[in-house]
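protein.txt follows (compact mmCIF, C-alpha atoms and all ligand atoms):
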# COMPACT_ATOMS: atom_id res chain seq x y z
CA MET A 113 13.07 6.58 -15.39
CA ALA A 114 11.39 8.83 -12.87
CA GLU A 115 11.98 12.09 -11.11
CA LYS A 116 11.47 12.00 -7.36
CA ASP A 117 8.48 13.82 -6.01
CA ASP A 118 6.43 14.16 -2.86
CA GLN A 119 9.40 13.80 -0.47
CA GLU A 120 7.61 16.02 2.06
CA TRP A 121 4.97 13.31 2.67
CA GLY A 122 5.36 10.52 5.22
CA PHE A 123 6.35 7.01 4.07
CA ALA A 124 2.81 5.58 4.17
CA THR A 125 1.39 8.48 2.16
CA ARG A 126 4.13 8.21 -0.47
CA ALA A 127 3.52 4.45 -0.68
CA VAL A 128 -0.11 5.04 -1.59
CA ARG A 129 0.01 8.30 -3.57
CA ALA A 130 3.43 9.05 -5.08
CA GLY A 131 3.57 8.79 -8.87
CA ARG A 132 -0.21 9.06 -9.30
CA ARG A 133 -1.15 11.08 -12.39
CA PRO A 134 -4.85 10.70 -13.25
CA THR A 135 -5.64 10.94 -16.97
CA ALA A 136 -8.56 12.85 -18.57
CA GLU A 137 -10.80 9.92 -17.48
CA ASP A 138 -10.36 10.86 -13.77
CA GLU A 139 -9.68 7.24 -12.79
CA HIS A 140 -8.88 6.68 -9.10
CA SER A 141 -6.74 3.53 -9.38
CA GLU A 142 -3.72 3.80 -11.66
CA PRO A 143 -4.50 2.46 -15.16
CA ILE A 144 -2.52 -0.21 -17.04
CA PHE A 145 -1.24 1.28 -20.31
CA ALA A 146 -1.21 -1.86 -22.45
CA THR A 147 0.36 -0.27 -25.51
CA SER A 148 3.71 -0.87 -27.13
CA SER A 149 3.94 2.54 -28.79
CA PHE A 150 2.52 6.09 -28.56
CA THR A 151 1.36 8.47 -31.28
CA CYS A 152 2.47 12.04 -31.99
CA GLU A 153 0.46 15.06 -33.21
CA SER A 154 2.88 15.81 -36.05
CA ALA A 155 6.12 14.84 -37.75
CA ALA A 156 7.80 17.71 -35.91
CA GLU A 157 6.56 16.39 -32.55
CA ALA A 158 7.82 12.87 -33.41
CA ALA A 159 11.22 14.32 -34.31
CA ALA A 160 11.32 16.32 -31.06
CA ARG A 161 10.49 13.25 -28.94
CA PHE A 162 13.15 11.14 -30.68
CA ALA A 163 15.67 13.94 -30.16
CA GLY A 164 14.71 14.09 -26.49
CA THR A 165 13.72 17.77 -26.66
CA SER A 166 10.02 16.95 -26.07
CA PRO A 167 9.13 14.77 -23.08
CA GLY A 168 6.28 12.62 -24.51
CA ASN A 169 6.11 8.83 -24.62
CA LEU A 170 7.56 6.96 -27.58
CA TYR A 171 7.81 3.23 -27.16
CA SER A 172 7.21 0.97 -24.15
CA ARG A 173 10.67 -0.56 -24.17
CA PHE A 174 11.73 2.60 -22.34
CA THR A 175 8.69 4.83 -21.71
CA ASN A 176 5.40 3.55 -20.35
CA PRO A 177 3.17 5.54 -17.95
CA THR A 178 2.31 2.55 -15.72
CA VAL A 179 5.96 1.59 -15.40
CA ARG A 180 6.80 5.24 -14.73
CA ALA A 181 4.22 5.42 -11.93
CA PHE A 182 5.88 2.41 -10.27
CA GLU A 183 9.34 3.96 -10.72
CA GLU A 184 8.26 7.30 -9.23
CA ARG A 185 6.61 5.65 -6.25
CA LEU A 186 9.61 3.41 -5.47
CA ALA A 187 12.04 6.36 -5.86
CA ALA A 188 9.86 8.37 -3.44
CA LEU A 189 10.07 5.51 -0.91
CA GLU A 190 13.84 4.96 -1.18
CA GLY A 191 14.39 8.73 -1.01
CA CYS A 192 16.31 9.28 -4.25
CA GLU A 193 15.90 11.08 -7.56
CA HIS A 194 15.59 8.28 -10.06
CA CYS A 195 14.38 4.71 -10.49
CA VAL A 196 14.62 2.51 -13.58
CA ALA A 197 12.41 -0.60 -13.62
CA PHE A 198 13.61 -3.87 -15.16
CA ALA A 199 12.15 -7.21 -16.22
CA SER A 200 13.67 -9.00 -13.21
CA GLY A 201 15.98 -8.50 -10.26
CA MET A 202 18.78 -10.21 -12.19
CA SER A 203 18.38 -7.86 -15.18
CA ALA A 204 18.51 -4.93 -12.72
CA ILE A 205 21.86 -6.24 -11.44
CA LEU A 206 23.02 -6.91 -15.01
CA ALA A 207 22.13 -3.33 -16.01
CA THR A 208 23.94 -1.94 -12.95
CA CYS A 209 27.10 -3.75 -14.06
CA LEU A 210 26.73 -2.79 -17.74
CA ALA A 211 26.26 0.85 -16.71
CA THR A 212 29.20 1.07 -14.30
CA LEU A 213 31.87 -1.41 -15.52
CA LYS A 214 34.06 -2.06 -18.54
CA THR A 215 36.60 -4.74 -19.48
CA GLY A 216 39.54 -4.63 -17.09
CA ASP A 217 37.53 -3.38 -14.12
CA HIS A 218 37.33 -5.11 -10.77
CA VAL A 219 34.37 -5.76 -8.46
CA ILE A 220 34.33 -6.68 -4.78
CA ALA A 221 31.19 -8.53 -3.70
CA SER A 222 30.18 -10.12 -0.45
CA ARG A 223 30.24 -13.91 -0.26
CA GLY A 224 26.73 -14.39 1.04
CA ILE A 225 24.95 -12.89 -2.01
CA PHE A 226 22.15 -14.51 -4.01
CA GLY A 227 23.57 -17.58 -5.82
CA THR A 228 22.61 -16.36 -9.31
CA THR A 229 24.34 -13.03 -8.68
CA VAL A 230 27.56 -14.94 -7.90
CA LEU A 231 27.23 -16.78 -11.21
CA LEU A 232 26.53 -13.52 -13.09
CA PHE A 233 29.76 -11.98 -11.77
CA GLN A 234 31.90 -15.11 -12.14
CA ASN A 235 30.67 -16.83 -15.27
CA ILE A 236 29.30 -13.99 -17.39
CA PHE A 237 31.28 -10.90 -16.42
CA GLY A 238 34.37 -13.09 -15.94
CA ARG A 239 34.20 -13.89 -19.68
CA PHE A 240 34.18 -10.18 -20.49
CA GLY A 241 37.31 -9.46 -18.47
CA VAL A 242 35.67 -8.13 -15.32
CA ASP A 243 37.20 -9.76 -12.26
CA THR A 244 35.28 -10.22 -9.02
CA THR A 245 36.72 -10.85 -5.56
CA PHE A 246 34.34 -12.32 -2.99
CA VAL A 247 34.92 -11.40 0.65
CA PRO A 248 33.04 -12.19 3.87
CA LEU A 249 30.30 -9.56 4.27
CA THR A 250 31.34 -8.33 7.72
CA ASP A 251 35.15 -8.74 7.51
CA TYR A 252 36.03 -5.09 6.82
CA ALA A 253 39.78 -5.76 6.79
CA ALA A 254 39.16 -8.26 3.96
CA TRP A 255 37.22 -5.59 2.01
CA GLU A 256 40.12 -3.16 2.47
CA ARG A 257 42.68 -5.78 1.34
CA ALA A 258 40.61 -6.71 -1.73
CA PHE A 259 40.88 -3.26 -3.35
CA ARG A 260 42.90 -2.95 -6.54
CA PRO A 261 43.65 0.22 -8.52
CA ASN A 262 40.89 -0.83 -10.98
CA THR A 263 38.16 -1.56 -8.38
CA LYS A 264 35.00 0.23 -9.53
CA LEU A 265 32.08 -1.40 -7.74
CA LEU A 266 31.29 -2.88 -4.31
CA PHE A 267 28.20 -5.08 -4.22
CA ILE A 268 26.39 -6.25 -1.08
CA GLU A 269 23.16 -7.68 0.22
CA THR A 270 22.23 -6.89 3.80
CA PRO A 271 20.82 -8.85 5.50
CA SER A 272 22.46 -11.61 3.49
CA ASN A 273 20.78 -14.66 1.99
CA PRO A 274 20.24 -17.07 3.69
CA LEU A 275 22.31 -16.43 6.85
CA THR A 276 20.95 -12.90 7.52
CA GLU A 277 24.36 -11.38 8.25
CA VAL A 278 24.13 -7.59 8.52
CA ALA A 279 26.76 -5.26 7.01
CA ASP A 280 27.51 -1.72 8.15
CA ILE A 281 26.42 0.16 5.01
CA ARG A 282 27.99 3.48 6.12
CA ARG A 283 31.35 1.83 6.71
CA LEU A 284 31.39 0.12 3.30
CA ALA A 285 30.18 3.30 1.53
CA ASP A 286 33.04 5.28 3.12
CA LEU A 287 35.50 2.57 2.11
CA ALA A 288 34.19 2.53 -1.48
CA HIS A 289 34.33 6.31 -1.78
CA ALA A 290 37.87 6.50 -0.35
CA HIS A 291 38.86 4.28 -3.31
CA LYS A 292 36.69 6.17 -5.86
CA ALA A 293 34.41 3.14 -6.23
CA LEU A 294 30.60 2.87 -6.00
CA LEU A 295 28.60 0.92 -3.43
CA ALA A 296 25.55 -0.98 -4.68
CA VAL A 297 23.13 -2.42 -2.10
CA ASP A 298 20.64 -5.13 -3.05
CA ASN A 299 17.82 -4.03 -0.70
CA CYS A 300 15.55 -6.96 -1.53
CA PHE A 301 15.31 -8.44 1.99
CA CYS A 302 14.45 -5.21 3.82
CA THR A 303 12.74 -3.07 1.18
CA PRO A 304 12.56 0.70 1.83
CA ALA A 305 9.97 -0.02 4.53
CA LEU A 306 12.78 -1.34 6.77
CA GLN A 307 16.04 0.06 5.40
CA LEU A 308 17.07 3.17 3.43
CA PRO A 309 20.63 2.55 2.12
CA PHE A 310 20.96 6.06 0.62
CA ARG A 311 20.87 7.49 4.17
CA PHE A 312 24.06 5.52 4.85
CA GLY A 313 25.90 6.62 1.72
CA ALA A 314 25.02 3.91 -0.82
CA ASP A 315 25.30 4.98 -4.49
CA LEU A 316 22.93 2.43 -6.01
CA VAL A 317 20.01 0.46 -4.60
CA ILE A 318 18.83 -2.65 -6.41
CA HIS A 319 15.57 -4.54 -6.02
CA SER A 320 14.12 -7.81 -7.03
CA ALA A 321 10.50 -6.60 -7.02
CA THR A 322 9.58 -10.28 -7.37
CA LYS A 323 9.93 -10.65 -3.62
CA TYR A 324 8.38 -8.32 -1.00
CA ILE A 325 7.42 -5.51 -3.39
CA ASP A 326 4.99 -7.85 -5.11
CA GLY A 327 4.50 -9.66 -1.82
CA GLN A 328 2.12 -12.27 -3.16
CA GLY A 329 4.33 -14.23 -5.53
CA ARG A 330 2.72 -13.20 -8.84
CA CYS A 331 5.23 -11.34 -11.03
CA VAL A 332 8.96 -11.14 -11.77
CA GLY A 333 10.54 -7.69 -11.87
CA GLY A 334 13.38 -5.49 -10.64
CA ALA A 335 14.62 -1.93 -10.27
CA VAL A 336 17.78 0.17 -9.96
CA LEU A 337 17.64 3.42 -7.98
CA GLY A 338 19.95 6.34 -7.31
CA ASN A 339 20.76 9.95 -8.08
CA GLY A 340 22.02 11.98 -11.01
CA GLU A 341 23.20 10.83 -14.44
CA LEU A 342 24.47 7.52 -13.05
CA ILE A 343 20.80 6.45 -13.14
CA SER A 344 19.07 8.93 -15.50
CA LYS A 345 21.67 8.48 -18.23
CA ASP A 346 23.84 5.39 -17.66
CA VAL A 347 21.40 2.83 -16.19
CA TYR A 348 18.46 4.20 -18.21
CA GLY A 349 20.64 4.02 -21.33
CA VAL A 350 21.14 0.28 -20.77
CA LEU A 351 17.38 -0.22 -20.49
CA ARG A 352 16.67 1.83 -23.62
CA THR A 353 19.34 0.11 -25.74
CA ALA A 354 19.41 -3.43 -24.34
CA GLY A 355 15.70 -3.71 -23.53
CA PRO A 356 15.18 -5.80 -20.34
CA THR A 357 11.87 -3.99 -19.87
CA MET A 358 9.27 -4.43 -17.14
CA SER A 359 5.79 -5.08 -18.56
CA PRO A 360 3.05 -2.53 -17.75
CA PHE A 361 0.97 -5.28 -16.14
CA ASN A 362 3.80 -6.30 -13.80
CA ALA A 363 4.47 -2.62 -13.00
CA TRP A 364 0.82 -2.23 -12.00
CA VAL A 365 0.99 -5.27 -9.68
CA PHE A 366 4.16 -3.90 -8.05
CA LEU A 367 2.61 -0.42 -7.77
CA LYS A 368 -0.29 -1.93 -5.83
CA GLY A 369 2.18 -3.99 -3.77
CA LEU A 370 3.93 -0.81 -2.63
CA GLU A 371 0.65 0.46 -1.14
CA THR A 372 0.66 -2.31 1.51
CA LEU A 373 4.43 -2.80 1.79
CA ALA A 374 4.97 -1.18 5.20
CA LEU A 375 2.07 -3.07 6.79
CA ARG A 376 3.22 -6.37 5.34
CA MET A 377 6.86 -5.88 6.36
CA LYS A 378 5.77 -5.21 9.93
CA ALA A 379 3.73 -8.43 10.00
CA HIS A 380 6.47 -10.52 8.29
CA SER A 381 9.01 -9.20 10.82
CA SER A 382 6.84 -9.92 13.82
CA ASN A 383 6.00 -13.48 12.70
CA ALA A 384 9.67 -14.21 11.86
CA LEU A 385 10.98 -13.00 15.22
CA ASP A 386 8.36 -15.05 17.06
CA LEU A 387 9.32 -18.18 15.06
CA ALA A 388 13.06 -17.53 15.44
CA ARG A 389 12.75 -17.31 19.23
CA TRP A 390 10.68 -20.48 19.27
CA LEU A 391 13.12 -22.36 17.01
CA GLU A 392 16.03 -21.43 19.31
CA ARG A 393 14.33 -23.47 22.02
CA GLN A 394 13.68 -26.59 19.92
CA ARG A 395 15.70 -29.77 20.27
CA GLY A 396 17.71 -30.75 17.21
CA VAL A 397 18.22 -27.10 16.18
CA ARG A 398 21.88 -26.15 16.49
CA LYS A 399 21.62 -22.49 15.54
CA VAL A 400 19.05 -19.93 14.37
CA HIS A 401 20.03 -17.00 12.15
CA HIS A 402 17.79 -13.93 12.43
CA PRO A 403 18.91 -10.32 13.04
CA GLY A 404 16.17 -9.82 15.65
CA LEU A 405 17.68 -12.41 18.01
CA ALA A 406 19.94 -11.12 20.78
CA SER A 407 22.26 -14.03 19.83
CA HIS A 408 22.75 -12.60 16.30
CA PRO A 409 26.31 -11.21 15.96
CA GLN A 410 25.10 -7.96 14.33
CA HIS A 411 21.90 -7.55 16.35
CA GLU A 412 22.85 -4.06 17.58
CA LEU A 413 23.85 -2.88 14.09
CA ALA A 414 20.55 -4.20 12.69
CA ARG A 415 18.69 -2.22 15.37
CA ARG A 416 20.42 1.00 14.30
CA GLN A 417 20.32 0.46 10.55
CA GLN A 418 16.90 -1.15 10.07
CA ALA A 419 13.40 -0.19 11.19
CA ASP A 420 12.65 -3.88 11.87
CA PHE A 421 14.38 -7.23 11.34
CA GLY A 422 12.58 -8.66 8.32
CA GLY A 423 10.87 -11.94 7.43
CA ILE A 424 13.80 -14.20 6.56
CA LEU A 425 15.38 -16.65 8.95
CA ALA A 426 17.59 -19.70 8.64
CA PHE A 427 18.31 -22.50 11.04
CA GLU A 428 20.76 -25.37 11.20
CA LEU A 429 19.70 -28.86 12.15
CA GLU A 430 22.18 -30.94 14.10
CA ARG A 431 21.70 -34.02 11.93
CA GLY A 432 22.48 -32.51 8.53
CA LYS A 433 20.83 -32.95 5.14
CA ASP A 434 18.62 -35.95 5.97
CA ALA A 435 17.10 -34.12 8.94
CA ALA A 436 16.63 -30.97 6.83
CA TRP A 437 14.88 -32.84 4.01
CA ARG A 438 12.73 -34.76 6.54
CA LEU A 439 11.63 -31.51 8.16
CA ILE A 440 10.82 -29.95 4.80
CA ASP A 441 8.88 -33.02 3.64
CA ALA A 442 6.87 -33.16 6.89
CA THR A 443 5.37 -29.68 6.39
CA GLN A 444 1.73 -29.48 5.32
CA ILE A 445 1.11 -25.72 5.27
CA ILE A 446 4.51 -24.23 4.38
CA SER A 447 5.28 -24.22 0.64
CA ILE A 448 8.40 -25.93 -0.67
CA THR A 449 9.69 -23.30 -3.09
CA ALA A 450 12.82 -21.19 -3.43
CA ASN A 451 10.86 -17.96 -3.81
CA LEU A 452 10.72 -15.58 -0.85
CA GLY A 453 8.88 -12.46 0.24
CA ASP A 454 5.46 -14.04 -0.28
CA ALA A 455 2.39 -13.84 1.96
CA LYS A 456 2.74 -17.65 2.05
CA THR A 457 5.60 -19.00 4.17
CA THR A 458 8.17 -20.82 2.04
CA ILE A 459 10.85 -23.33 3.01
CA THR A 460 14.10 -24.07 1.18
CA HIS A 461 17.16 -26.29 1.55
CA PRO A 462 19.80 -23.84 0.23
CA ALA A 463 22.62 -26.39 -0.20
CA THR A 464 20.64 -28.38 -2.80
CA THR A 465 18.57 -25.58 -4.40
CA THR A 466 19.46 -21.86 -4.40
CA HIS A 467 23.12 -22.53 -3.67
CA GLY A 468 23.30 -25.95 -5.38
CA ARG A 469 25.27 -24.68 -8.37
CA LEU A 470 28.08 -23.40 -6.16
CA THR A 471 31.04 -25.72 -5.57
CA PRO A 472 31.20 -27.45 -2.14
CA GLU A 473 34.17 -25.17 -1.41
CA GLN A 474 32.13 -22.02 -2.20
CA ARG A 475 29.24 -23.31 -0.09
CA ARG A 476 31.56 -23.94 2.85
CA GLU A 477 33.00 -20.43 2.55
CA SER A 478 29.46 -18.99 2.49
CA GLY A 479 28.38 -20.97 5.55
CA ILE A 480 25.74 -22.97 3.63
CA THR A 481 25.87 -26.19 5.64
CA ASP A 482 23.95 -29.35 4.69
CA GLY A 483 21.69 -29.00 7.74
CA LEU A 484 20.68 -25.42 6.91
CA VAL A 485 17.02 -24.63 6.23
CA ARG A 486 15.75 -21.20 5.14
CA LEU A 487 12.30 -19.87 5.91
CA SER A 488 10.68 -16.85 4.32
CA VAL A 489 8.07 -16.27 6.99
CA GLY A 490 4.70 -15.28 5.57
CA LEU A 491 1.53 -13.79 6.96
CA GLU A 492 -0.21 -16.94 8.29
CA ASP A 493 -1.01 -17.44 11.98
CA VAL A 494 2.34 -18.12 13.60
CA THR A 495 0.81 -20.85 15.81
CA ASP A 496 0.01 -22.85 12.68
CA LEU A 497 3.55 -22.37 11.36
CA LYS A 498 5.03 -23.64 14.62
CA ALA A 499 2.81 -26.73 14.51
CA ASP A 500 3.84 -27.33 10.89
CA LEU A 501 7.55 -27.23 11.76
CA ALA A 502 7.15 -29.13 15.05
CA ARG A 503 5.99 -32.19 13.09
CA GLY A 504 9.29 -32.44 11.22
CA LEU A 505 11.42 -31.60 14.26
CA ALA A 506 9.86 -34.38 16.33
C1 LIG B 1 15.55 -13.13 -6.05
C2 LIG B 1 16.69 -12.26 -5.80
C3 LIG B 1 17.38 -11.65 -6.86
C4 LIG B 1 17.02 -11.90 -8.30
O1 LIG B 1 15.77 -11.40 -8.62
P1 LIG B 1 14.82 -12.01 -9.78
O2 LIG B 1 13.66 -11.11 -9.74
O3 LIG B 1 14.53 -13.43 -9.40
O4 LIG B 1 15.59 -11.93 -11.05
C5 LIG B 1 18.42 -10.80 -6.54
N1 LIG B 1 18.78 -10.56 -5.27
C6 LIG B 1 18.15 -11.15 -4.22
C7 LIG B 1 18.59 -10.86 -2.84
C8 LIG B 1 17.09 -12.02 -4.46
O5 LIG B 1 16.48 -12.61 -3.42
Just give me the structure of the file as structure tokens.
Amino acid sequence: MAEKDDQEWGFATRAVRAGRRPTAEDEHSEPIFATSSFTCESAAEAAARFAGTSPGNLYSRFTNPTVRAFEERLAALEGCEHCVAFASGMSAILATCLATLKTGDHVIASRGIFGTTVLLFQNIFGRFGVDTTFVPLTDYAAWERAFRPNTKLLFIETPSNPLTEVADIRRLADLAHAHKALLAVDNCFCTPALQLPFRFGADLVIHSATKYIDGQGRCVGGAVLGNGELISKDVYGVLRTAGPTMSPFNAWVFLKGLETLALRMKAHSSNALDLARWLERQRGVRKVHHPGLASHPQHELARRQQADFGGILAFELERGKDAAWRLIDATQIISITANLGDAKTTITHPATTTHGRLTPEQRRESGITDGLVRLSVGLEDVTDLKADLARGLA
């Protein structure tokens, strides 16, 4: 858990300096506190820390200075009071649900969300009596119709995975609040460098730090951000009691990742838009999904809501799964892996990997066709990426 600080600085300065607290050793780079517990001066001090009346560290399940530095820096970038780091993006989503829902509650989530998040809501929370309705991300009438008296949480990703649909965060926040529900935004695809959901009324922001925050595919981690006791008491309480803790080493990697985040997001966005425009002109490509394209149905909204369009794109091949697999297998540079947000460009066939556990019906509803290929565009020379894809398109 972290208090916000340094909000008067610009984004780039916060990304490099927020949360920095040099120790008595005067180190310049933030240290890794590889310790599971912390000592106290006296029995009285130990009692005070356990009671919460003294602020010192106790035990790294819930207090570690390296993790705290990461939390403070990310909170400073999203522009909110508190951040709680977690062991993974999924445990951040799990903690959000455990902190805000109880048996008998109802959730509305968008259809295009990360496949594992769908399974978390349906298979795990379904067993505990929490019902989830899935609606198309941009069909606002469907969101309105889905409300029940017990609806407590709205959950979205924007842009969505893998079709990059863009939701109007302000509109969904207003809708949630009119029904006394909370809006949670999984901000994994944009990161705070490109999108600040709190400015549009979101109540909770969730991250898989595994993706762009790390940016080089090394560590798994996540975070939940927001204001007030919702985060400092409820979400933090889940971490402290249930223990899906981020390791100090991973926190240090993510902390360093934040220092270059804005630069990387700019380069990912520019490479992706270049590739998307090029793909639109290739034979055998039926459709390209990227918010930066004028052909994207929410292009104007993305312009207003985001600082840039991001590094993810998807495209549909006319000849279905065989053509998609052939294209993937013909690549020599691009990595075949489901991870995204890496400096290395990655390629995925969603229908048989990330969305493979969904039923064919669910895949159809989510627009995951057999010919769909997703690219997480990395930081290589875009000319080399085009040549790599051209081989499989030929
Ligand atoms: C990867 C991902 C997650 C899950 O994060 P992990 O760190 O893999 O647990 C959640 N949401 C989105 C949008 C993701 O891409």
Query raised in the report: From the set A:Thr244, A:Ser203, A:Ser478, A:Thr353, which residue has the shortest atom-to-atom contact distance to ligand LIG 1 (chain B), counting only C-alpha atoms and all ligand atoms?
Result: A:Ser203
Query - Protein and nucleic residues near ligand LIG 1 (chain B), 9 Å, only C-alpha atoms and all ligand atoms, as a VMD selection string - result: chain A and resid 199 to 205 225 to 229 269 to 273 298 to 301 318 to 323 331 to 334 450 to 453
**Report entry** Shell of 8 Å around range 389-396 of chain A, all atoms listed in the file, local chain residues under 6 positions omitted, as a VMD selection string
**Finding:** chain A and resid 405 427 429 to 431 498 505
Report task. Point out the residue among A:Cys302, A:Gly313, A:Phe145, A:Gly355 with the least atom-to-atom distance to Lys378 in chain A, counting all atoms listed in the file. Result ->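 Ranking A:Cys302, A:Gly313, A:Phe145, A:Gly355 by distance to Lys378 in chain A, first place goes to A:Cys302.
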Given only C-alpha atoms, how would the per-residue table for range 246-285 of chain A near range 214-218 of chain A read, listing every residue at most 6 Å away with its closest atom pair and distance in Å to one decimal, sorted by chain and number, as a Markdown table?
| residue | atom | partner | partner_atom | distance |
| --- | --- | --- | --- | --- |
| A:Asn262 | CA | A:Asp217 | CA | 5.3 |
| A:Thr263 | CA | A:His218 | CA | 4.4 |
| A:Lys264 | CA | A:His218 | CA | 6.0 |
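Put simply, CA of Ala197 in chain A is 6.1 Å away from CA of Met358 in chain A.
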Query raised in the report: Hey, can you check how far CA of Leu266 in chain A sits from CA of Val336 in chain A?
Result: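 Distance between the two atoms: 15.0 Å.
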Requested in this report: Would you mind reading off the distance between CA of Gly404 in chain A and CA of Lys368 in chain A, one decimal, in Å?
Outcome: 28.2 Å
Query raised in the report: For Gln417 in chain A, which of A:Gly369, A:Gly122, A:Pro309, A:Gly164 is the closest residue, counting all atoms listed in the file?
Result: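 When distances to Gln417 in chain A are compared using all atoms listed in the file, the smallest one comes from A:Pro309.
Compared by their closest atoms to Thr357 in chain A, and using only C-alpha atoms, the residues A:Asn176, A:Thr208, A:Thr135, A:Thr147 rank with A:Asn176 nearest.
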Within 12 Å of Thr443 in chain A using all atoms listed in the file, minus same-chain residues under 2 positions, as a short mmCIF file (atom, residue, chain, number, x, y, z; two decimals) with C-alpha atoms, in the coordinates of the input:
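Heads up, here's the output in part_0.cif:
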data_model
loop_
_atom_site.label_atom_id
_atom_site.label_comp_id
_atom_site.auth_asym_id
_atom_site.auth_seq_id
_atom_site.Cartn_x
_atom_site.Cartn_y
_atom_site.Cartn_z
CA ALA A 436 16.63 -30.97 6.83
CA TRP A 437 14.88 -32.84 4.01
CA ARG A 438 12.73 -34.76 6.54
CA LEU A 439 11.63 -31.51 8.16
CA ILE A 440 10.82 -29.95 4.80
CA ASP A 441 8.88 -33.02 3.64
CA ILE A 445 1.11 -25.72 5.27
CA ILE A 446 4.51 -24.23 4.38
CA SER A 447 5.28 -24.22 0.64
CA ILE A 448 8.40 -25.93 -0.67
CA THR A 457 5.60 -19.00 4.17
CA THR A 458 8.17 -20.82 2.04
CA ILE A 459 10.85 -23.33 3.01
CA THR A 460 14.10 -24.07 1.18
CA ASP A 496 0.01 -22.85 12.68
CA LEU A 497 3.55 -22.37 11.36
CA LYS A 498 5.03 -23.64 14.62
CA ALA A 499 2.81 -26.73 14.51
CA ASP A 500 3.84 -27.33 10.89
CA LEU A 501 7.55 -27.23 11.76
CA ALA A 502 7.15 -29.13 15.05
CA ARG A 503 5.99 -32.19 13.09
CA GLY A 504 9.29 -32.44 11.22
CA LEU A 505 11.42 -31.60 14.26
CA ALA A 506 9.86 -34.38 16.33
#
Query - Among listed residues A:His402, A:Asp420, A:Val219, A:Gly483, nearest Pro261 in chain A (using all atoms listed in the file) - result: A:Val219
Query raised in the report: Using all atoms listed in the file, which residue out of A:Ala146, A:Ala388, A:Ile281, A:Ile424 lies closest to Pro360 in chain A?
Result: A:Ala146
Report task. Within 8 Å of Glu277 in chain A, counting only C-alpha atoms, which residues show up once you throw out same-chain ones fewer than 6 positions away? Write them as a PyMOL selection string, please. Result -> chain A and resi 249-250+270-271+403+409-410
